[in-house]
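The next block is input11.pdb, given as PDB, C-alpha atoms.
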ATOM      1  CA  GLY A   1      56.766 -81.949 -37.263
ATOM      2  CA  PHE A   2      54.511 -82.909 -40.153
ATOM      3  CA  PHE A   3      51.378 -83.237 -38.017
ATOM      4  CA  GLN A   4      51.967 -79.870 -36.362
ATOM      5  CA  ILE A   5      52.159 -78.237 -39.791
ATOM      6  CA  GLU A   6      49.035 -80.057 -40.891
ATOM      7  CA  ASN A   7      47.230 -78.912 -37.737
ATOM      8  CA  LEU A   8      48.365 -75.370 -38.266
ATOM      9  CA  LEU A   9      47.163 -75.454 -41.869
ATOM     10  CA  SER A  10      43.758 -76.777 -40.918
ATOM     11  CA  THR A  11      43.452 -74.129 -38.192
ATOM     12  CA  ILE A  12      44.290 -71.372 -40.663
ATOM     13  CA  LYS A  13      41.957 -72.875 -43.251
ATOM     14  CA  SER A  14      39.002 -72.971 -40.869
ATOM     15  CA  ALA A  15      39.711 -69.432 -39.679
ATOM     16  CA  ILE A  16      39.596 -68.184 -43.258
ATOM     17  CA  GLU A  17      36.534 -70.200 -44.165
ATOM     18  CA  SER A  18      34.575 -69.169 -41.112
ATOM     19  CA  SER A  19      34.642 -65.540 -42.125
ATOM     20  CA  PRO A  20      31.298 -64.275 -40.914
ATOM     21  CA  ASP A  21      28.291 -64.586 -43.173
ATOM     22  CA  THR A  22      26.351 -61.973 -41.265
ATOM     23  CA  ILE A  23      26.906 -58.700 -39.441
ATOM     24  CA  ASP A  24      24.621 -57.758 -36.564
ATOM     25  CA  LEU A  25      23.403 -54.197 -36.274
ATOM     26  CA  GLU A  26      21.155 -52.604 -33.693
ATOM     27  CA  GLY A  27      19.544 -49.223 -33.520
ATOM     28  CA  MET A  28      16.378 -47.289 -32.951
ATOM     29  CA  VAL A  29      13.533 -46.692 -35.371
ATOM     30  CA  ILE A  30      13.184 -42.989 -36.160
ATOM     31  CA  SER A  31      11.078 -41.040 -38.604
ATOM     32  CA  GLY A  32      12.779 -40.223 -41.881
ATOM     33  CA  MET A  33      12.535 -37.221 -44.180
ATOM     34  CA  GLY A  34       9.968 -38.923 -46.368
ATOM     35  CA  GLU A  35      12.436 -39.074 -49.249
ATOM     36  CA  GLY A  36      12.518 -42.863 -49.287
ATOM     37  CA  ALA A  37       8.964 -43.071 -50.576
ATOM     38  CA  TYR A  38       9.809 -40.829 -53.498
ATOM     39  CA  TYR A  39      12.910 -42.774 -54.502
ATOM     40  CA  MET A  40      11.232 -46.155 -54.077
ATOM     41  CA  SER A  41       8.552 -45.035 -56.519
ATOM     42  CA  LEU A  42      10.948 -44.227 -59.380
ATOM     43  CA  ASP A  43      10.810 -46.735 -62.224
ATOM     44  CA  GLY A  44      14.571 -46.638 -62.676
ATOM     45  CA  TYR A  45      14.969 -48.105 -59.190
ATOM     46  CA  ARG A  46      11.786 -50.170 -58.945
ATOM     47  CA  LYS A  47      12.569 -52.324 -61.947
ATOM     48  CA  GLN A  48      16.052 -53.128 -60.638
ATOM     49  CA  PHE A  49      14.749 -53.968 -57.177
ATOM     50  CA  LYS A  50      12.220 -56.321 -58.710
ATOM     51  CA  ASP A  51      14.883 -57.993 -60.870
ATOM     52  CA  LYS A  52      17.616 -58.167 -58.253
ATOM     53  CA  LEU A  53      15.738 -58.588 -54.971
ATOM     54  CA  GLY A  54      12.716 -60.417 -56.347
ATOM     55  CA  TYR A  55      10.191 -57.844 -55.144
ATOM     56  CA  SER A  56       9.123 -54.234 -55.518
ATOM     57  CA  PRO A  57       9.796 -52.551 -52.192
ATOM     58  CA  TYR A  58       7.051 -50.942 -50.150
ATOM     59  CA  PRO A  59       7.144 -47.232 -51.074
ATOM     60  CA  GLY A  60       9.114 -45.895 -48.148
ATOM     61  CA  THR A  61      12.227 -46.778 -46.224
ATOM     62  CA  LEU A  62      12.480 -47.552 -42.535
ATOM     63  CA  ASN A  63      15.065 -45.288 -40.924
ATOM     64  CA  VAL A  64      17.194 -46.804 -38.198
ATOM     65  CA  LYS A  65      19.506 -44.662 -36.093
ATOM     66  CA  ILE A  66      22.553 -46.506 -34.772
ATOM     67  CA  VAL A  67      23.581 -45.250 -31.362
ATOM     68  CA  ASP A  68      26.127 -47.765 -30.106
ATOM     69  CA  GLN A  69      29.725 -47.299 -31.329
ATOM     70  CA  VAL A  70      30.160 -51.049 -31.851
ATOM     71  CA  TYR A  71      27.327 -51.102 -34.374
ATOM     72  CA  MET A  72      28.513 -47.858 -35.922
ATOM     73  CA  ASN A  73      31.844 -49.547 -36.695
ATOM     74  CA  ALA A  74      30.063 -52.603 -38.062
ATOM     75  CA  ARG A  75      27.965 -50.338 -40.279
ATOM     76  CA  ARG A  76      31.167 -48.830 -41.704
ATOM     77  CA  GLU A  77      32.528 -52.310 -42.421
ATOM     78  CA  LEU A  78      29.451 -53.184 -44.426
ATOM     79  CA  VAL A  79      30.482 -51.302 -47.520
ATOM     80  CA  LYS A  80      33.564 -53.545 -47.936
ATOM     81  CA  PHE A  81      31.424 -56.570 -48.706
ATOM     82  CA  PRO A  82      29.900 -57.469 -52.059
ATOM     83  CA  SER A  83      26.416 -56.062 -52.407
ATOM     84  CA  ILE A  84      23.440 -56.398 -54.674
ATOM     85  CA  PHE A  85      24.162 -53.339 -56.764
ATOM     86  CA  ILE A  86      21.394 -51.044 -57.967
ATOM     87  CA  GLU A  87      22.698 -48.803 -60.749
ATOM     88  CA  GLY A  88      22.192 -45.074 -60.780
ATOM     89  CA  PHE A  89      20.333 -43.631 -63.777
ATOM     90  CA  ARG A  90      19.269 -40.346 -65.252
ATOM     91  CA  ASP A  91      16.019 -38.916 -66.513
ATOM     92  CA  LYS A  92      15.427 -35.676 -68.395
ATOM     93  CA  THR A  93      16.060 -33.490 -65.395
ATOM     94  CA  ARG A  94      18.625 -35.138 -63.141
ATOM     95  CA  THR A  95      20.796 -38.097 -62.289
ATOM     96  CA  TYR A  96      20.086 -40.519 -59.468
ATOM     97  CA  GLY A  97      22.842 -42.212 -57.509
ATOM     98  CA  TRP A  98      23.542 -45.913 -57.097
ATOM     99  CA  ALA A  99      22.498 -47.983 -54.114
ATOM    100  CA  LYS A 100      24.091 -51.029 -52.546
ATOM    101  CA  CYS A 101      21.677 -53.556 -51.052
ATOM    102  CA  TYR A 102      22.399 -56.092 -48.349
ATOM    103  CA  LEU A 103      19.788 -58.688 -47.470
ATOM    104  CA  ALA A 104      18.762 -58.656 -43.845
ATOM    105  CA  VAL A 105      16.427 -60.211 -41.328
ATOM    106  CA  ILE A 106      14.801 -58.025 -38.689
ATOM    107  CA  ASN A 107      14.206 -58.728 -35.002
ATOM    108  CA  ASN A 108      15.228 -62.341 -34.960
ATOM    109  CA  ASN A 109      13.375 -63.390 -38.125
ATOM    110  CA  ALA A 110      10.210 -61.368 -37.432
ATOM    111  CA  LEU A 111      10.748 -60.195 -41.005
ATOM    112  CA  THR A 112      13.089 -62.200 -43.217
ATOM    113  CA  ASN A 113      13.049 -60.444 -46.571
ATOM    114  CA  ALA A 114      14.301 -56.961 -45.753
ATOM    115  CA  ALA A 115      17.304 -55.242 -47.303
ATOM    116  CA  ILE A 116      19.569 -52.462 -46.104
ATOM    117  CA  LEU A 117      20.340 -49.702 -48.581
ATOM    118  CA  LEU A 118      23.624 -47.846 -48.660
ATOM    119  CA  LEU A 119      23.170 -44.880 -50.949
ATOM    120  CA  GLU A 120      25.656 -42.965 -53.046
ATOM    121  CA  ARG A 121      23.878 -39.715 -52.204
ATOM    122  CA  THR A 122      22.262 -39.212 -48.860
ATOM    123  CA  HIS A 123      21.643 -36.439 -46.354
ATOM    124  CA  TYR A 124      22.388 -38.850 -43.546
ATOM    125  CA  ASP A 125      25.663 -39.811 -41.910
ATOM    126  CA  ASP A 126      27.034 -43.256 -41.042
ATOM    127  CA  SER A 127      24.790 -43.603 -38.036
ATOM    128  CA  MET A 128      21.735 -44.042 -40.248
ATOM    129  CA  LEU A 129      20.441 -47.121 -42.011
ATOM    130  CA  GLU A 130      17.653 -47.195 -44.532
ATOM    131  CA  VAL A 131      15.797 -50.470 -44.705
ATOM    132  CA  ILE A 132      13.357 -51.698 -47.334
ATOM    133  CA  ALA A 133      11.023 -54.681 -47.584
ATOM    134  CA  PRO A 134       8.095 -55.749 -49.761
ATOM    135  CA  CYS A 135       5.676 -54.607 -47.038
ATOM    136  CA  SER A 136       5.509 -51.822 -44.485
ATOM    137  CA  ILE A 137       8.057 -52.957 -41.911
ATOM    138  CA  LYS A 138       6.420 -50.944 -39.133
ATOM    139  CA  GLN A 139       2.982 -52.443 -39.770
ATOM    140  CA  SER A 140       4.048 -55.994 -40.453
ATOM    141  CA  ILE A 141       6.056 -56.435 -37.257
ATOM    142  CA  GLY A 142       4.296 -53.806 -35.146
ATOM    143  CA  ILE A 143       7.121 -51.399 -34.402
ATOM    144  CA  GLN A 144       7.078 -47.636 -34.184
ATOM    145  CA  ASN A 145       9.417 -44.670 -33.883
ATOM    146  CA  GLY A 146      11.528 -44.928 -30.748
ATOM    147  CA  ASP A 147      11.512 -48.738 -30.707
ATOM    148  CA  PRO A 148      14.771 -50.685 -30.675
ATOM    149  CA  ILE A 149      15.415 -52.847 -33.723
ATOM    150  CA  SER A 150      17.982 -55.504 -34.555
ATOM    151  CA  LEU A 151      19.165 -56.487 -38.002
ATOM    152  CA  LYS A 152      21.158 -59.479 -39.111
ATOM    153  CA  VAL A 153      22.767 -58.489 -42.404
ATOM    154  CA  TYR A 154      23.978 -61.052 -44.927
ATOM    155  CA  ILE A 155      27.390 -60.126 -46.270
ATOM    156  CA  ASN A 156      28.141 -63.391 -48.021
ATOM    157  CA  ASN A 157      25.605 -63.650 -50.794
ATOM    158  CA  SER A 158      26.209 -67.354 -51.320
ATOM    159  CA  LYS A 159      24.856 -67.941 -47.815
ATOM    160  CA  LYS A 160      21.877 -65.661 -48.138
ATOM    161  CA  PRO A 161      18.433 -66.863 -47.101
ATOM    162  CA  GLN A 162      16.108 -67.885 -49.884
ATOM    163  CA  ILE A 163      13.859 -65.005 -50.820
ATOM    164  CA  LEU A 164      10.361 -66.355 -50.358
TER     165      LEU A 164
END
As structure tokens, the full file:
Amino acid sequence: GFFQIENLLSTIKSAIESSPDTIDLEGMVISGMGEGAYYMSLDGYRKQFKDKLGYSPYPGTLNVKIVDQVYMNARRELVKFPSIFIEGFRDKTRTYGWAKCYLAVINNNALTNAAILLLERTHYDDSMLEVIAPCSIKQSIGIQNGDPISLKVYINNSKKPQIL
């Protein structure tokens, strides 16, 4: 009986340890409301992005609309995983919400230093992702509104790719 128990234990152990390091998401590139550019330009966010992601994001977010239910569910799961947390802040006139960042690669490593933002305050629902990178994502990988896009999102920060 001892070996069966040992086998069972090692099976359980490997099941626990092989918890996924990434979540795959797919959607379609759409045009946003232009708000991303404004938020990305605020010092209160920029400084934190630079410190925590290692770069200042291109002023603007790429908006990705998730259509498939499978990916919609995966998108909802995302928030359960530890993120790179960008604190909210206030200036003289208003307060700005927090953002959770998850490192991601786009279109099978076409772009490897992107990040998905989940925002405390947004006009969008769960079917929308906002993606940032140090460069214009559309220009650097040649995609436009209406194009399909795939994202591999790192949910286990210890396994994240090196930021180059």
Inset, instruction - Excluding range 92-97 of chain A and residues on its chain fewer than 6 positions from it, collect all residues at most 12 Å away from it, counting all atoms listed in the file, and give them as a ChimeraX atom specification. - result: /A:38-40,42-45,85-86,117-122
Inset, instruction - May I ask which of the residues A:Val64, A:Ala115, A:Ile12, A:Cys101 is the closest one to Glu26 in chain A, counting all atoms listed in the file? - result: A:Val64
Inset, instruction - May I ask for the distance between CA of Thr112 in chain A and CA of Leu53 in chain A, given in Å to one decimal place? - result: 12.6 Å
Inset, instruction - Report as JSON, numbers by chain the full result of the PyMOL selection byres ((chain A and resi 128) around 10) when it is applied to this structure. - result: {"A": [27, 28, 29, 30, 32, 63, 64, 65, 66, 67, 72, 75, 118, 122, 123, 124, 125, 126, 127, 129, 130, 131]}
Taking the file above as input, evaluate the PyMOL selection byres ((chain A and resi 37) around 9) and report the hits as a PDB file with C-alpha atoms, keeping the file's coordinate frame.
ATOM      1  CA  GLY A  34       9.968 -38.923 -46.368  1.00  0.00           C
ATOM      2  CA  GLU A  35      12.436 -39.074 -49.249  1.00  0.00           C
ATOM      3  CA  GLY A  36      12.518 -42.863 -49.287  1.00  0.00           C
ATOM      4  CA  TYR A  38       9.809 -40.829 -53.498  1.00  0.00           C
ATOM      5  CA  TYR A  39      12.910 -42.774 -54.502  1.00  0.00           C
ATOM      6  CA  MET A  40      11.232 -46.155 -54.077  1.00  0.00           C
ATOM      7  CA  SER A  41       8.552 -45.035 -56.519  1.00  0.00           C
ATOM      8  CA  TYR A  58       7.051 -50.942 -50.150  1.00  0.00           C
ATOM      9  CA  PRO A  59       7.144 -47.232 -51.074  1.00  0.00           C
ATOM     10  CA  GLY A  60       9.114 -45.895 -48.148  1.00  0.00           C
ATOM     11  CA  THR A  61      12.227 -46.778 -46.224  1.00  0.00           C
TER      12      THR A  61
END
Inset, instruction - Identify, on the basis of all atoms listed in the file, every residue whose closest approach to range 105-107 of chain A does not exceed 12 Å; exclude the query and any residue fewer than 3 positions from it along the same chain; express the result as an NGL selection string. - result: :A and (22-29 or 62 or 64 or 102 or 110-116 or 131-133 or 137-138 or 140-143 or 147-154 or 160-163)
Inset, instruction - Check the smallest atom-to-atom distance from each of A:Ile155, A:Met33, A:Val70, A:Cys135 to Tyr55 in chain A using only C-alpha atoms, then report the winner. - result: A:Cys135
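Taking CA of Asn156 in chain A and CA of Ser83 in chain A as endpoints, the distance between them is 8.7 Å.
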Centre and size of axis-aligned box enclosing range 21-26 of chain A plus 3 Å each side, as AutoDock Vina command-line options:
--center_x 24.7 --center_y -58.6 --center_z -38.4 --size_x 13.1 --size_y 18.0 --size_z 15.5
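Rounded to one decimal, CA of Asp91 in chain A and CA of Gln48 in chain A lie 15.4 Å from each other.
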